[in-house]
file input-v8.txt (compact mmCIF, C-alpha atoms and all ligand atoms)
# COMPACT_ATOMS: atom_id res chain seq x y z
CA MET E 1 -16.91 -14.92 -0.26
CA ILE E 2 -14.29 -14.67 -3.02
CA ILE E 3 -13.47 -11.25 -4.46
CA LEU E 4 -11.37 -10.34 -7.49
CA ALA E 5 -9.80 -6.96 -6.73
CA ILE E 6 -8.03 -4.39 -8.90
CA GLU E 7 -5.59 -1.66 -7.87
CA SER E 8 -4.29 0.96 -10.34
CA THR E 9 -4.22 4.25 -8.42
CA CYS E 10 -0.56 5.14 -9.02
CA ASP E 11 2.32 3.08 -10.38
CA GLU E 12 1.38 -0.55 -9.78
CA THR E 13 -1.12 -2.54 -11.82
CA SER E 14 -2.31 -5.23 -9.45
CA VAL E 15 -5.02 -7.90 -9.48
CA ALA E 16 -5.76 -10.22 -6.55
CA ILE E 17 -8.21 -12.94 -5.60
CA VAL E 18 -9.03 -12.88 -1.88
CA GLU E 19 -11.41 -14.96 0.23
CA ASP E 20 -13.32 -13.55 3.23
CA GLY E 21 -11.07 -10.48 3.40
CA GLN E 22 -8.15 -12.59 4.58
CA ARG E 23 -6.95 -15.46 2.43
CA VAL E 24 -4.92 -14.32 -0.56
CA TYR E 25 -5.09 -16.84 -3.41
CA CYS E 26 -3.06 -14.61 -5.65
CA ASN E 27 -1.78 -11.07 -5.84
CA VAL E 28 -0.19 -10.34 -9.19
CA THR E 29 1.47 -6.92 -9.50
CA TYR E 30 3.17 -5.20 -12.40
CA SER E 31 5.37 -2.50 -10.90
CA GLN E 32 6.39 0.53 -12.98
CA ILE E 33 9.35 1.33 -10.72
CA ALA E 34 11.92 0.73 -13.50
CA THR E 35 10.10 3.24 -15.73
CA HIS E 36 9.76 5.94 -13.08
CA ASN E 37 13.30 5.45 -11.80
CA LYS E 38 14.50 7.11 -15.02
CA THR E 39 12.55 10.30 -14.31
CA GLY E 40 13.01 10.23 -10.53
CA GLY E 41 9.25 10.14 -9.95
CA VAL E 42 5.90 9.21 -11.45
CA VAL E 43 4.90 11.03 -14.66
CA PRO E 44 1.07 10.60 -14.62
CA GLU E 45 0.63 10.29 -18.39
CA VAL E 46 3.38 7.66 -18.62
CA ALA E 47 1.95 5.76 -15.65
CA ALA E 48 -1.54 5.67 -17.20
CA ARG E 49 -0.18 4.28 -20.47
CA ARG E 50 1.71 1.53 -18.61
CA HIS E 51 -1.55 0.53 -16.89
CA VAL E 52 -3.25 0.29 -20.27
CA GLU E 53 -0.54 -2.13 -21.44
CA ALA E 54 -0.50 -4.17 -18.23
CA ILE E 55 -4.09 -4.54 -17.11
CA VAL E 56 -5.14 -7.48 -19.31
CA PRO E 57 -1.92 -9.54 -18.92
CA VAL E 58 -2.00 -8.98 -15.14
CA LEU E 59 -5.66 -10.01 -14.98
CA GLU E 60 -4.93 -13.12 -17.02
CA GLU E 61 -2.00 -14.05 -14.74
CA ALA E 62 -4.14 -13.50 -11.63
CA LEU E 63 -6.87 -15.82 -12.97
CA ARG E 64 -4.25 -18.42 -13.87
CA HIS E 65 -2.27 -18.20 -10.62
CA GLY E 66 -5.40 -17.85 -8.46
CA GLY E 67 -7.03 -20.76 -10.28
CA GLU E 68 -3.99 -22.96 -9.63
CA ARG E 69 -3.86 -21.97 -5.95
CA MET E 70 -7.58 -22.71 -5.62
CA GLY E 71 -6.87 -26.09 -7.16
CA ILE E 72 -9.49 -25.72 -9.87
CA LEU E 73 -7.72 -24.49 -12.97
CA LYS E 74 -8.03 -26.64 -16.04
CA GLU E 75 -5.52 -26.14 -18.79
CA GLY E 76 -7.40 -25.75 -22.04
CA VAL E 77 -6.51 -25.93 -25.70
CA VAL E 78 -2.81 -25.29 -26.23
CA SER E 79 -1.54 -22.95 -28.93
CA CYS E 80 -4.65 -21.12 -29.92
CA GLU E 81 -4.61 -18.69 -32.79
CA LYS E 82 -4.54 -15.28 -31.22
CA ALA E 83 -5.03 -11.98 -32.99
CA GLY E 84 -1.90 -11.14 -34.93
CA GLY E 85 -0.64 -14.68 -35.37
CA LYS E 86 -0.01 -17.94 -33.57
CA SER E 87 0.84 -17.96 -29.90
CA ASP E 88 2.77 -20.65 -28.05
CA MET E 89 1.14 -19.66 -24.78
CA PRO E 90 -1.21 -22.26 -23.36
CA ASP E 91 -4.75 -21.04 -23.49
CA TYR E 92 -6.46 -21.52 -20.14
CA ASP E 93 -10.10 -22.13 -19.53
CA PHE E 94 -10.91 -19.67 -16.73
CA SER E 95 -14.64 -20.39 -16.60
CA GLU E 96 -14.50 -22.40 -13.36
CA VAL E 97 -12.29 -19.81 -11.64
CA ILE E 98 -14.67 -17.03 -12.71
CA SER E 99 -17.67 -19.00 -11.43
CA LYS E 100 -16.08 -19.07 -7.94
CA ILE E 101 -15.68 -15.27 -7.86
CA ASP E 102 -18.56 -13.59 -6.02
CA ALA E 103 -17.76 -9.92 -6.63
CA VAL E 104 -15.34 -7.49 -8.27
CA ALA E 105 -13.64 -4.75 -6.21
CA VAL E 106 -11.63 -1.76 -7.31
CA ALA E 107 -9.66 1.07 -5.73
CA GLN E 108 -11.82 3.98 -6.77
CA GLY E 109 -9.41 6.68 -5.52
CA PRO E 110 -7.63 8.76 -4.49
CA GLY E 111 -5.06 8.49 -7.24
CA LEU E 112 -3.90 9.73 -10.62
CA LEU E 113 -6.91 10.16 -12.89
CA GLY E 114 -5.57 8.38 -15.98
CA CYS E 115 -4.40 5.46 -13.82
CA LEU E 116 -7.70 5.21 -11.96
CA MET E 117 -9.64 5.12 -15.22
CA VAL E 118 -7.85 1.97 -16.37
CA GLY E 119 -8.59 -0.07 -13.22
CA ASN E 120 -12.09 1.29 -12.76
CA ASN E 121 -13.12 0.67 -16.35
CA ALA E 122 -11.73 -2.85 -16.23
CA ALA E 123 -13.60 -3.57 -12.97
CA SER E 124 -16.89 -2.16 -14.30
CA ALA E 125 -16.58 -4.21 -17.48
CA LEU E 126 -15.88 -7.43 -15.54
CA SER E 127 -18.77 -6.77 -13.17
CA LEU E 128 -21.06 -6.25 -16.15
CA ILE E 129 -19.90 -9.24 -18.18
CA TRP E 130 -19.70 -11.64 -15.22
CA ASN E 131 -22.88 -10.21 -13.67
CA LYS E 132 -21.28 -9.84 -10.25
CA PRO E 133 -21.52 -6.97 -7.73
CA LEU E 134 -19.01 -4.14 -8.04
CA ILE E 135 -17.41 -2.88 -4.80
CA PRO E 136 -15.52 0.43 -5.18
CA VAL E 137 -13.23 1.16 -2.21
CA HIS E 138 -10.98 3.93 -0.93
CA HIS E 139 -7.30 3.23 -1.61
CA ILE E 140 -6.19 4.29 1.87
CA GLU E 141 -8.86 2.16 3.51
CA GLY E 142 -7.24 -0.68 1.57
CA HIS E 143 -3.92 0.06 3.30
CA LEU E 144 -5.76 0.03 6.65
CA TYR E 145 -6.80 -3.57 5.98
CA ALA E 146 -3.43 -4.85 4.73
CA SER E 147 -2.63 -6.23 8.22
CA TRP E 148 -5.75 -8.42 8.05
CA LEU E 149 -4.42 -10.46 5.14
CA THR E 150 -3.06 -13.94 5.49
CA ASP E 151 -1.18 -15.66 2.74
CA ASN E 152 -1.61 -19.23 3.84
CA CYS E 153 -1.09 -20.53 0.37
CA VAL E 154 2.58 -19.71 0.95
CA HIS E 155 3.25 -18.87 4.58
CA GLU E 156 0.85 -18.00 7.29
CA ILE E 157 0.75 -14.66 9.06
CA LEU E 158 -2.59 -15.13 10.78
CA PRO E 159 -4.52 -18.39 10.67
CA TYR E 160 -7.27 -18.29 8.08
CA ASP E 161 -10.58 -18.14 9.88
CA PRO E 162 -13.51 -18.26 7.42
CA GLY E 163 -16.19 -15.66 8.04
CA ARG E 164 -14.19 -13.99 10.83
CA ASP E 165 -15.36 -10.48 11.56
CA GLY E 166 -12.41 -9.69 13.86
CA ARG E 167 -14.49 -7.48 16.13
CA GLU E 168 -12.47 -8.56 19.15
CA LYS E 169 -9.56 -6.54 17.72
CA PHE E 170 -11.23 -3.12 18.09
CA PRO E 171 -10.36 -0.40 18.85
CA ILE E 172 -7.32 -0.46 16.57
CA LEU E 173 -4.93 2.47 16.41
CA ILE E 174 -3.52 2.84 12.89
CA LEU E 175 -0.58 4.87 11.65
CA THR E 176 -0.77 5.35 7.88
CA VAL E 177 2.56 6.20 6.28
CA SER E 178 2.44 6.17 2.50
CA GLY E 179 3.61 8.46 -0.28
CA GLY E 180 0.51 10.62 -0.04
CA HIS E 181 -0.90 10.02 3.45
CA ASN E 182 0.39 10.33 6.98
CA GLN E 183 -2.36 9.94 9.54
CA LEU E 184 -3.18 8.58 12.97
CA ILE E 185 -6.57 6.90 12.88
CA LEU E 186 -8.64 5.19 15.54
CA MET E 187 -10.70 2.37 14.03
CA ASN E 188 -13.62 1.59 16.31
CA ASP E 189 -15.34 -0.92 14.02
CA HIS E 190 -15.30 -1.97 10.36
CA GLY E 191 -15.66 1.22 8.34
CA LYS E 192 -15.72 3.45 11.45
CA TYR E 193 -12.73 5.75 11.68
CA LYS E 194 -11.75 8.73 13.76
CA LEU E 195 -8.93 10.92 12.47
CA LEU E 196 -6.68 11.78 15.41
CA GLY E 197 -3.94 13.60 13.54
CA GLU E 198 -2.28 14.03 10.16
CA THR E 199 0.59 15.72 8.42
CA LEU E 200 0.30 19.43 7.83
CA ASP E 201 2.59 19.24 4.78
CA ASP E 202 4.48 16.23 3.38
CA ALA E 203 3.68 12.59 4.11
CA ALA E 204 6.56 10.46 5.44
CA GLY E 205 6.91 8.56 2.13
CA GLU E 206 7.01 11.81 0.19
CA ALA E 207 9.80 13.05 2.48
CA PHE E 208 11.75 9.80 1.88
CA ASP E 209 11.33 10.24 -1.89
CA LYS E 210 12.37 13.91 -1.92
CA VAL E 211 15.38 13.42 0.36
CA ALA E 212 16.51 10.44 -1.72
CA ARG E 213 16.44 12.70 -4.76
CA MET E 214 18.55 15.34 -2.97
CA LEU E 215 21.07 12.62 -2.11
CA GLY E 216 21.21 11.38 -5.71
CA LEU E 217 19.57 8.06 -4.82
CA GLY E 218 16.94 6.32 -6.95
CA TYR E 219 13.14 6.12 -6.91
CA PRO E 220 11.23 5.16 -4.82
CA GLY E 221 13.27 6.87 -2.15
CA GLY E 222 12.27 4.81 0.90
CA PRO E 223 13.95 1.53 -0.03
CA GLU E 224 16.97 3.41 -1.46
CA ILE E 225 17.51 5.38 1.76
CA GLN E 226 17.08 2.23 3.83
CA LYS E 227 19.62 0.35 1.69
CA THR E 228 22.20 3.17 1.75
CA ALA E 229 21.77 3.73 5.51
CA MET E 230 22.21 0.01 6.12
CA ASN E 231 25.00 -0.89 3.68
CA GLY E 232 26.82 2.42 3.06
CA ASN E 233 28.35 3.24 -0.32
CA LYS E 234 31.66 2.83 -2.10
CA ALA E 235 32.90 6.25 -0.94
CA ASN E 236 32.48 5.41 2.76
CA GLY E 237 33.85 1.86 2.39
CA PHE E 238 30.38 0.27 2.60
CA ARG E 239 30.03 1.03 6.30
CA PRO E 240 26.49 1.43 7.69
CA GLY E 241 25.43 5.05 8.10
CA ASP E 242 25.53 6.61 11.58
CA PRO E 243 21.95 7.55 12.59
CA PHE E 244 23.24 9.98 15.24
CA LYS E 245 25.81 11.78 13.09
CA TYR E 246 23.56 14.73 12.21
CA LYS E 247 21.08 16.19 14.65
CA LEU E 248 18.02 17.05 12.58
CA PRO E 249 14.86 18.96 13.57
CA ARG E 250 11.76 17.14 14.81
CA ALA E 251 8.75 19.36 14.16
CA MET E 252 5.46 19.43 16.11
CA MET E 253 7.08 17.92 19.19
CA GLN E 254 7.49 20.99 21.39
CA ASN E 255 5.55 23.92 22.80
CA GLU E 256 1.94 24.22 21.65
CA HIS E 257 2.27 21.11 19.43
CA ALA E 258 3.69 18.86 22.14
CA ASN E 259 0.27 17.40 22.85
CA ASP E 260 -1.31 17.21 19.41
CA LEU E 261 -1.05 14.28 17.06
CA ASN E 262 -0.18 16.11 13.85
CA PHE E 263 3.03 15.79 11.86
CA SER E 264 5.15 18.09 9.74
CA PHE E 265 8.16 17.05 7.68
CA SER E 266 8.87 20.10 5.54
CA GLY E 267 11.35 21.54 8.11
CA LEU E 268 13.26 18.27 8.13
CA LYS E 269 13.40 18.34 4.34
CA THR E 270 14.77 21.92 4.38
CA ALA E 271 17.36 20.96 6.99
CA ILE E 272 18.57 18.13 4.73
CA ARG E 273 18.73 20.51 1.75
CA THR E 274 20.91 22.94 3.75
CA LEU E 275 23.12 20.09 4.97
CA VAL E 276 23.51 18.68 1.46
CA LEU E 277 24.57 22.10 0.09
CA LYS E 278 27.13 22.48 2.88
CA LEU E 279 28.56 18.98 2.36
CA LYS E 280 28.70 19.54 -1.40
CA LYS E 281 30.67 22.77 -0.91
CA GLU E 282 33.12 20.94 1.33
CA GLY E 283 33.44 18.12 -1.25
CA GLU E 284 32.26 15.66 1.43
CA LEU E 285 28.79 14.83 0.15
CA HIS E 286 29.42 11.49 -1.51
CA ARG E 287 31.17 10.06 1.55
CA ALA E 288 28.53 11.49 3.89
CA VAL E 289 25.46 10.16 2.02
CA PRO E 290 25.05 7.01 4.19
CA ASP E 291 25.28 9.08 7.42
CA VAL E 292 22.77 11.64 6.10
CA ALA E 293 20.44 8.83 4.96
CA ALA E 294 20.67 7.07 8.34
CA SER E 295 20.20 10.30 10.34
CA PHE E 296 17.18 11.27 8.24
CA GLU E 297 15.67 7.78 8.50
CA TYR E 298 16.20 7.68 12.26
CA THR E 299 14.71 11.17 12.78
CA ILE E 300 11.58 10.45 10.77
CA CYS E 301 11.06 7.03 12.43
CA ASP E 302 11.58 8.54 15.89
CA THR E 303 9.01 11.29 15.18
CA LEU E 304 6.45 8.76 13.92
CA LEU E 305 7.08 6.55 16.92
CA LYS E 306 6.75 9.32 19.52
CA LYS E 307 3.43 10.54 18.05
CA LEU E 308 2.17 6.96 17.82
CA LYS E 309 3.11 6.35 21.47
CA LYS E 310 1.27 9.51 22.48
CA ALA E 311 -1.84 8.40 20.56
CA ALA E 312 -1.65 4.93 22.13
CA ASP E 313 -1.44 6.45 25.64
CA LEU E 314 -4.52 8.56 24.88
CA THR E 315 -6.69 5.87 23.26
CA ASN E 316 -5.56 2.59 24.86
CA PRO E 317 -6.15 0.46 21.74
CA ARG E 318 -6.30 -3.36 21.68
CA GLU E 319 -4.05 -3.47 18.63
CA ILE E 320 -1.77 -1.05 16.79
CA HIS E 321 -1.39 -1.39 13.01
CA ILE E 322 1.04 0.35 10.67
CA ALA E 323 -0.11 0.79 7.08
CA GLY E 324 1.26 2.12 3.79
CA GLY E 325 4.56 1.86 1.94
CA VAL E 326 6.78 3.23 4.74
CA SER E 327 5.59 0.39 7.04
CA ALA E 328 8.07 -1.73 5.05
CA ASN E 329 10.93 0.22 6.65
CA LEU E 330 13.06 -2.10 8.76
CA ARG E 331 14.39 0.58 11.13
CA LEU E 332 10.81 1.68 11.83
CA ARG E 333 9.74 -1.92 12.51
CA LYS E 334 12.68 -2.49 14.87
CA MET E 335 11.96 0.72 16.80
CA LEU E 336 8.26 -0.19 17.06
CA GLU E 337 9.08 -3.65 18.36
CA GLU E 338 11.35 -2.14 21.00
CA THR E 339 8.59 0.23 22.15
CA PHE E 340 5.38 -1.81 22.12
CA PRO E 341 4.73 -5.25 23.62
CA GLN E 342 4.81 -8.27 21.31
CA GLY E 343 1.41 -9.13 19.84
CA LYS E 344 0.10 -5.59 20.21
CA ILE E 345 1.70 -4.23 17.08
CA LEU E 346 0.90 -5.61 13.64
CA TYR E 347 2.16 -4.60 10.23
CA PRO E 348 1.44 -6.13 6.87
CA SER E 349 3.62 -8.77 5.29
CA LEU E 350 6.29 -6.86 3.31
CA LYS E 351 4.61 -7.58 -0.03
CA PHE E 352 1.35 -6.03 1.20
CA CYS E 353 2.94 -2.80 2.51
CA THR E 354 3.16 -1.01 -0.82
CA ASP E 355 0.26 -0.75 -3.27
CA ASN E 356 -1.41 -4.08 -3.99
CA ALA E 357 -4.84 -5.40 -4.95
CA ALA E 358 -5.11 -7.91 -2.08
CA MET E 359 -5.71 -5.11 0.45
CA ILE E 360 -8.48 -3.77 -1.83
CA GLY E 361 -10.07 -7.23 -1.75
CA ALA E 362 -9.83 -7.27 2.06
CA VAL E 363 -11.63 -3.97 2.64
CA ALA E 364 -14.18 -4.80 -0.07
CA TYR E 365 -15.22 -7.94 1.82
CA PHE E 366 -15.95 -6.07 5.06
CA ARG E 367 -17.71 -3.25 3.16
CA TYR E 368 -19.89 -5.76 1.31
CA MET E 369 -20.73 -7.68 4.50
CA ALA E 370 -21.90 -4.48 6.18
CA ASN E 371 -24.33 -3.66 3.35
CA PRO E 372 -24.70 -6.32 0.61
CA ARG E 373 -27.79 -4.73 -0.94
CA LYS E 374 -25.96 -1.51 -1.67
CA TYR E 375 -23.43 -3.33 -3.85
CA GLU E 376 -25.98 -5.64 -5.48
CA LYS E 377 -27.75 -2.48 -6.63
CA LEU E 378 -24.50 -0.97 -7.94
CA ARG E 379 -24.12 -3.77 -10.47
CA ASN E 380 -27.39 -2.88 -12.16
CA SER E 381 -27.30 0.86 -11.81
CA VAL E 382 -27.24 2.86 -15.04
CA PRO E 383 -25.96 6.40 -14.68
CA ASP E 384 -28.25 9.10 -15.98
CA LEU E 385 -26.67 9.51 -19.41
CA ASP E 386 -28.24 11.00 -22.50
CA LEU E 387 -27.84 7.91 -24.70
CA LYS E 388 -28.77 7.69 -28.36
CA PHE E 389 -29.97 4.38 -29.79
CA TYR E 390 -30.07 3.59 -33.49
O1 LIG E 401 1.60 3.04 0.04
P1 LIG E 401 2.50 3.27 -1.10
O2 LIG E 401 2.99 2.08 -1.88
O3 LIG E 401 1.88 4.22 -2.17
C1 LIG E 401 1.06 5.31 -1.82
O4 LIG E 401 -0.17 5.08 -1.66
O5 LIG E 401 1.64 6.40 -1.68
O6 LIG E 401 3.75 4.07 -0.51
C2 LIG E 401 4.81 4.47 -1.31
C3 LIG E 401 5.83 5.13 -0.42
C4 LIG E 401 6.96 5.75 -1.22
O7 LIG E 401 7.09 7.08 -0.83
C5 LIG E 401 8.17 4.91 -0.83
O8 LIG E 401 9.38 5.65 -0.82
C6 LIG E 401 7.80 4.44 0.55
O9 LIG E 401 6.41 4.18 0.48
N1 LIG E 401 8.52 3.21 0.94
C7 LIG E 401 9.41 3.17 1.95
C8 LIG E 401 9.94 1.83 1.97
N2 LIG E 401 9.33 1.13 0.97
C9 LIG E 401 8.46 1.99 0.35
N3 LIG E 401 9.82 4.10 2.82
C10 LIG E 401 10.74 3.76 3.72
N4 LIG E 401 11.31 2.54 3.79
C11 LIG E 401 10.94 1.54 2.94
N5 LIG E 401 11.52 0.33 3.02
ZN ZN E 402 -0.90 3.36 -1.44
call {"tool": "encode", "arguments": {"input": "input-v8.txt", "output": "structure tokens", "more": "lines below"}}
Ligand code: KG4
Ligand code: ZN
result
Amino acid sequence: MIILAIESTCDETSVAIVEDGQRVYCNVTYSQIATHNKTGGVVPEVAARRHVEAIVPVLEEALRHGGERMGILKEGVVSCEKAGGKSDMPDYDFSEVISKIDAVAVAQGPGLLGCLMVGNNAASALSLIWNKPLIPVHHIEGHLYASWLTDNCVHEILPYDPGRDGREKFPILILTVSGGHNQLILMNDHGKYKLLGETLDDAAGEAFDKVARMLGLGYPGGPEIQKTAMNGNKANGFRPGDPFKYKLPRAMMQNEHANDLNFSFSGLKTAIRTLVLKLKKEGELHRAVPDVAASFEYTICDTLLKKLKKAADLTNPREIHIAGGVSANLRLRKMLEETFPQGKILYPSLKFCTDNAAMIGAVAYFRYMANPRKYEKLRNSVPDLDLKFY
């Protein structure tokens, strides 16, 4: 089953074509990072407008790239007359690619409203025009399925196995670490989740972003902190930061919280703020930034790891998956590999860690397989609107 999937919940406009929830024919993403870097974070109104500009070109690229990868794209009439004048762009005939697509999927939420509207309206329109089922999915469930994707058009992570249901993998213990979510989830089957623990305040990604801002680094904070911790800065002679230089608090690890699986990162954030003020006063901040970045990164990774280990001891899962943007962090990956046996721990390919449409296509496949009739009905359902006809 081939699904065209759309993701537009926050600051990436992404369209993918995915087969059987695994094989990624294409995943075309327009990232707004450069825009939001200027304001140090996502301004929802600005993000929504960027999606409006990007959605059609990204869709067109996905059909072109996906069609090429599927080996079926025919190049059509060159230099068509487009609205507003002549275009030198080749005009592709997508009809055969579209005929191979069985359904349209979209990340329905959670997300920024204006951003969600762009992707959801585009998906509904395509489902209507192409007369194909519409599969709305939860964005975070998409992240949970990112480790199921293979990209064997380029390089293989898992062998593509058509029609695989992967039931031998359950139960899977999943740590979600994105900008908005930080949870420990036990997945007992497709679509069956048990929440074991979550953050009581900030998510790990949010903490990375806020601390990066305090340190005068760019947006998004995660990659910036990783880079500065790894390579240092001019002021410290480009030496890697020392992860043990500053002893920072690890919340929810002692006393009555020692045995629960919840997280809290607001204390760590406050500790960094206090440290930054002190270093600033002493005129040492600039030189100390790589050490602060490395100490913060190490502390947060160590906390995530210890809670994950505790959850694994309690649930004895067959596999452990890490999902969400922070799963791209190299220190976290190294620490996980040192703790868990090889083959037990799986994280997505780096390009599928942050927001992307391929993961939406993956979860949509398993959702559809569990209940095809539900989604067939969705395509024809008309909401109860008070319409006027002339
Ligand atoms: O999953 P995601 O792309 O979007 C949400 O659904 O939130 O996650 C974005 C988060 C950001 O907070 C970003 O700073 C963080 O993932 N992130 C990282 C890295 N790459 C992205 N955090 C740590 N290390 C990274 N290499
Ligand atoms: Zn996300």
call {"tool": "atom_distance", "arguments": {"input": "input-v8.txt", "atom1": "CA of Ser14 in chain E", "atom2": "CA of Ile55 in chain E"}}
result
7.9 Å
call {"tool": "residues_around", "arguments": {"input": "input-v8.txt", "residues": "range 29-37 of chain E", "least_positions_apart": "6", "cutoff": "7 Å", "atoms": "only C-alpha atoms", "output": "list in words"}}
result
Asp11, Glu12, Thr13, Ser14, Val15, Ala54, Val58, Gly218, Tyr219 and Asn356 of chain E
call {"tool": "residues_around", "arguments": {"input": "input-v8.txt", "residues": "Ile2 in chain E", "least_positions_apart": "3", "cutoff": "6 Å", "atoms": "all atoms listed in the file", "output": "number ranges by chain"}}
result
E: 18-19, 101-102
call {"tool": "closest_residue", "arguments": {"input": "input-v8.txt", "among": "E:Lys132, E:Lys194, E:Lys344, E:Lys210", "to": "Pro317 in chain E", "atoms": "only C-alpha atoms"}}
result
E:Lys344
call {"tool": "closest_atom_pairs", "arguments": {"input": "input-v8.txt", "of": "chain E", "to": "ligand LIG 401 (chain E)", "cutoff": "10 Å", "atoms": "all atoms listed in the file", "output": "JSON lines"}}
result
{"residue": "E:Thr9", "atom": "CA", "partner": "E:LIG401", "partner_atom": "O4", "distance": 7.9}
{"residue": "E:Cys10", "atom": "CA", "partner": "E:LIG401", "partner_atom": "O3", "distance": 7.3}
{"residue": "E:Asp11", "atom": "CA", "partner": "E:LIG401", "partner_atom": "O3", "distance": 8.3}
{"residue": "E:Glu12", "atom": "CA", "partner": "E:LIG401", "partner_atom": "O2", "distance": 8.5}
{"residue": "E:Gly41", "atom": "CA", "partner": "E:LIG401", "partner_atom": "O7", "distance": 9.9}
{"residue": "E:Pro110", "atom": "CA", "partner": "E:LIG401", "partner_atom": "O4", "distance": 8.8}
{"residue": "E:Gly111", "atom": "CA", "partner": "E:LIG401", "partner_atom": "O4", "distance": 8.2}
{"residue": "E:His139", "atom": "CA", "partner": "E:LIG401", "partner_atom": "O4", "distance": 7.4}
{"residue": "E:Ile140", "atom": "CA", "partner": "E:LIG401", "partner_atom": "O4", "distance": 7.0}
{"residue": "E:Gly142", "atom": "CA", "partner": "E:LIG401", "partner_atom": "O4", "distance": 9.7}
{"residue": "E:His143", "atom": "CA", "partner": "E:LIG401", "partner_atom": "O1", "distance": 7.1}
{"residue": "E:Thr176", "atom": "CA", "partner": "E:LIG401", "partner_atom": "O1", "distance": 8.5}
{"residue": "E:Val177", "atom": "CA", "partner": "E:LIG401", "partner_atom": "O1", "distance": 7.1}
{"residue": "E:Ser178", "atom": "CA", "partner": "E:LIG401", "partner_atom": "O6", "distance": 3.9}
{"residue": "E:Gly179", "atom": "CA", "partner": "E:LIG401", "partner_atom": "O5", "distance": 3.2}
{"residue": "E:Gly180", "atom": "CA", "partner": "E:LIG401", "partner_atom": "O5", "distance": 4.7}
{"residue": "E:His181", "atom": "CA", "partner": "E:LIG401", "partner_atom": "O5", "distance": 6.8}
{"residue": "E:Asn182", "atom": "CA", "partner": "E:LIG401", "partner_atom": "O5", "distance": 9.6}
{"residue": "E:Ala203", "atom": "CA", "partner": "E:LIG401", "partner_atom": "O7", "distance": 8.1}
{"residue": "E:Ala204", "atom": "CA", "partner": "E:LIG401", "partner_atom": "O7", "distance": 7.1}
{"residue": "E:Gly205", "atom": "CA", "partner": "E:LIG401", "partner_atom": "O7", "distance": 3.3}
{"residue": "E:Glu206", "atom": "CA", "partner": "E:LIG401", "partner_atom": "O7", "distance": 4.8}
{"residue": "E:Ala207", "atom": "CA", "partner": "E:LIG401", "partner_atom": "O7", "distance": 7.3}
{"residue": "E:Phe208", "atom": "CA", "partner": "E:LIG401", "partner_atom": "O8", "distance": 5.5}
{"residue": "E:Asp209", "atom": "CA", "partner": "E:LIG401", "partner_atom": "O8", "distance": 5.1}
{"residue": "E:Lys210", "atom": "CA", "partner": "E:LIG401", "partner_atom": "O7", "distance": 8.7}
{"residue": "E:Val211", "atom": "CA", "partner": "E:LIG401", "partner_atom": "O8", "distance": 9.9}
{"residue": "E:Ala212", "atom": "CA", "partner": "E:LIG401", "partner_atom": "O8", "distance": 8.6}
{"residue": "E:Gly218", "atom": "CA", "partner": "E:LIG401", "partner_atom": "O8", "distance": 9.8}
{"residue": "E:Tyr219", "atom": "CA", "partner": "E:LIG401", "partner_atom": "O8", "distance": 7.2}
{"residue": "E:Pro220", "atom": "CA", "partner": "E:LIG401", "partner_atom": "O8", "distance": 4.4}
{"residue": "E:Gly221", "atom": "CA", "partner": "E:LIG401", "partner_atom": "O8", "distance": 4.3}
{"residue": "E:Gly222", "atom": "CA", "partner": "E:LIG401", "partner_atom": "N3", "distance": 3.2}
{"residue": "E:Pro223", "atom": "CA", "partner": "E:LIG401", "partner_atom": "N5", "distance": 4.1}
{"residue": "E:Glu224", "atom": "CA", "partner": "E:LIG401", "partner_atom": "C11", "distance": 7.7}
{"residue": "E:Ile225", "atom": "CA", "partner": "E:LIG401", "partner_atom": "N4", "distance": 7.1}
{"residue": "E:Gln226", "atom": "CA", "partner": "E:LIG401", "partner_atom": "N4", "distance": 5.8}
{"residue": "E:Lys227", "atom": "CA", "partner": "E:LIG401", "partner_atom": "N5", "distance": 8.2}
{"residue": "E:Glu297", "atom": "CA", "partner": "E:LIG401", "partner_atom": "C10", "distance": 8.0}
{"residue": "E:Ile300", "atom": "CA", "partner": "E:LIG401", "partner_atom": "C10", "distance": 9.8}
{"residue": "E:Cys301", "atom": "CA", "partner": "E:LIG401", "partner_atom": "C10", "distance": 9.3}
{"residue": "E:Ala323", "atom": "CA", "partner": "E:LIG401", "partner_atom": "O1", "distance": 7.6}
{"residue": "E:Gly324", "atom": "CA", "partner": "E:LIG401", "partner_atom": "O1", "distance": 3.9}
{"residue": "E:Gly325", "atom": "CA", "partner": "E:LIG401", "partner_atom": "O9", "distance": 3.3}
{"residue": "E:Val326", "atom": "CA", "partner": "E:LIG401", "partner_atom": "N3", "distance": 3.7}
{"residue": "E:Ser327", "atom": "CA", "partner": "E:LIG401", "partner_atom": "C8", "distance": 6.8}
{"residue": "E:Ala328", "atom": "CA", "partner": "E:LIG401", "partner_atom": "N5", "distance": 4.5}
{"residue": "E:Asn329", "atom": "CA", "partner": "E:LIG401", "partner_atom": "N5", "distance": 3.7}
{"residue": "E:Leu330", "atom": "CA", "partner": "E:LIG401", "partner_atom": "N5", "distance": 6.4}
{"residue": "E:Arg331", "atom": "CA", "partner": "E:LIG401", "partner_atom": "N4", "distance": 8.2}
{"residue": "E:Leu332", "atom": "CA", "partner": "E:LIG401", "partner_atom": "N4", "distance": 8.1}
{"residue": "E:Arg333", "atom": "CA", "partner": "E:LIG401", "partner_atom": "N5", "distance": 9.9}
{"residue": "E:Leu350", "atom": "CA", "partner": "E:LIG401", "partner_atom": "N2", "distance": 8.9}
{"residue": "E:Lys351", "atom": "CA", "partner": "E:LIG401", "partner_atom": "N2", "distance": 10.0}
{"residue": "E:Phe352", "atom": "CA", "partner": "E:LIG401", "partner_atom": "O2", "distance": 8.8}
{"residue": "E:Cys353", "atom": "CA", "partner": "E:LIG401", "partner_atom": "O1", "distance": 6.5}
{"residue": "E:Thr354", "atom": "CA", "partner": "E:LIG401", "partner_atom": "O2", "distance": 3.3}
{"residue": "E:Asp355", "atom": "CA", "partner": "E:LIG401", "partner_atom": "O2", "distance": 4.2}
{"residue": "E:Asn356", "atom": "CA", "partner": "E:LIG401", "partner_atom": "O2", "distance": 7.9}
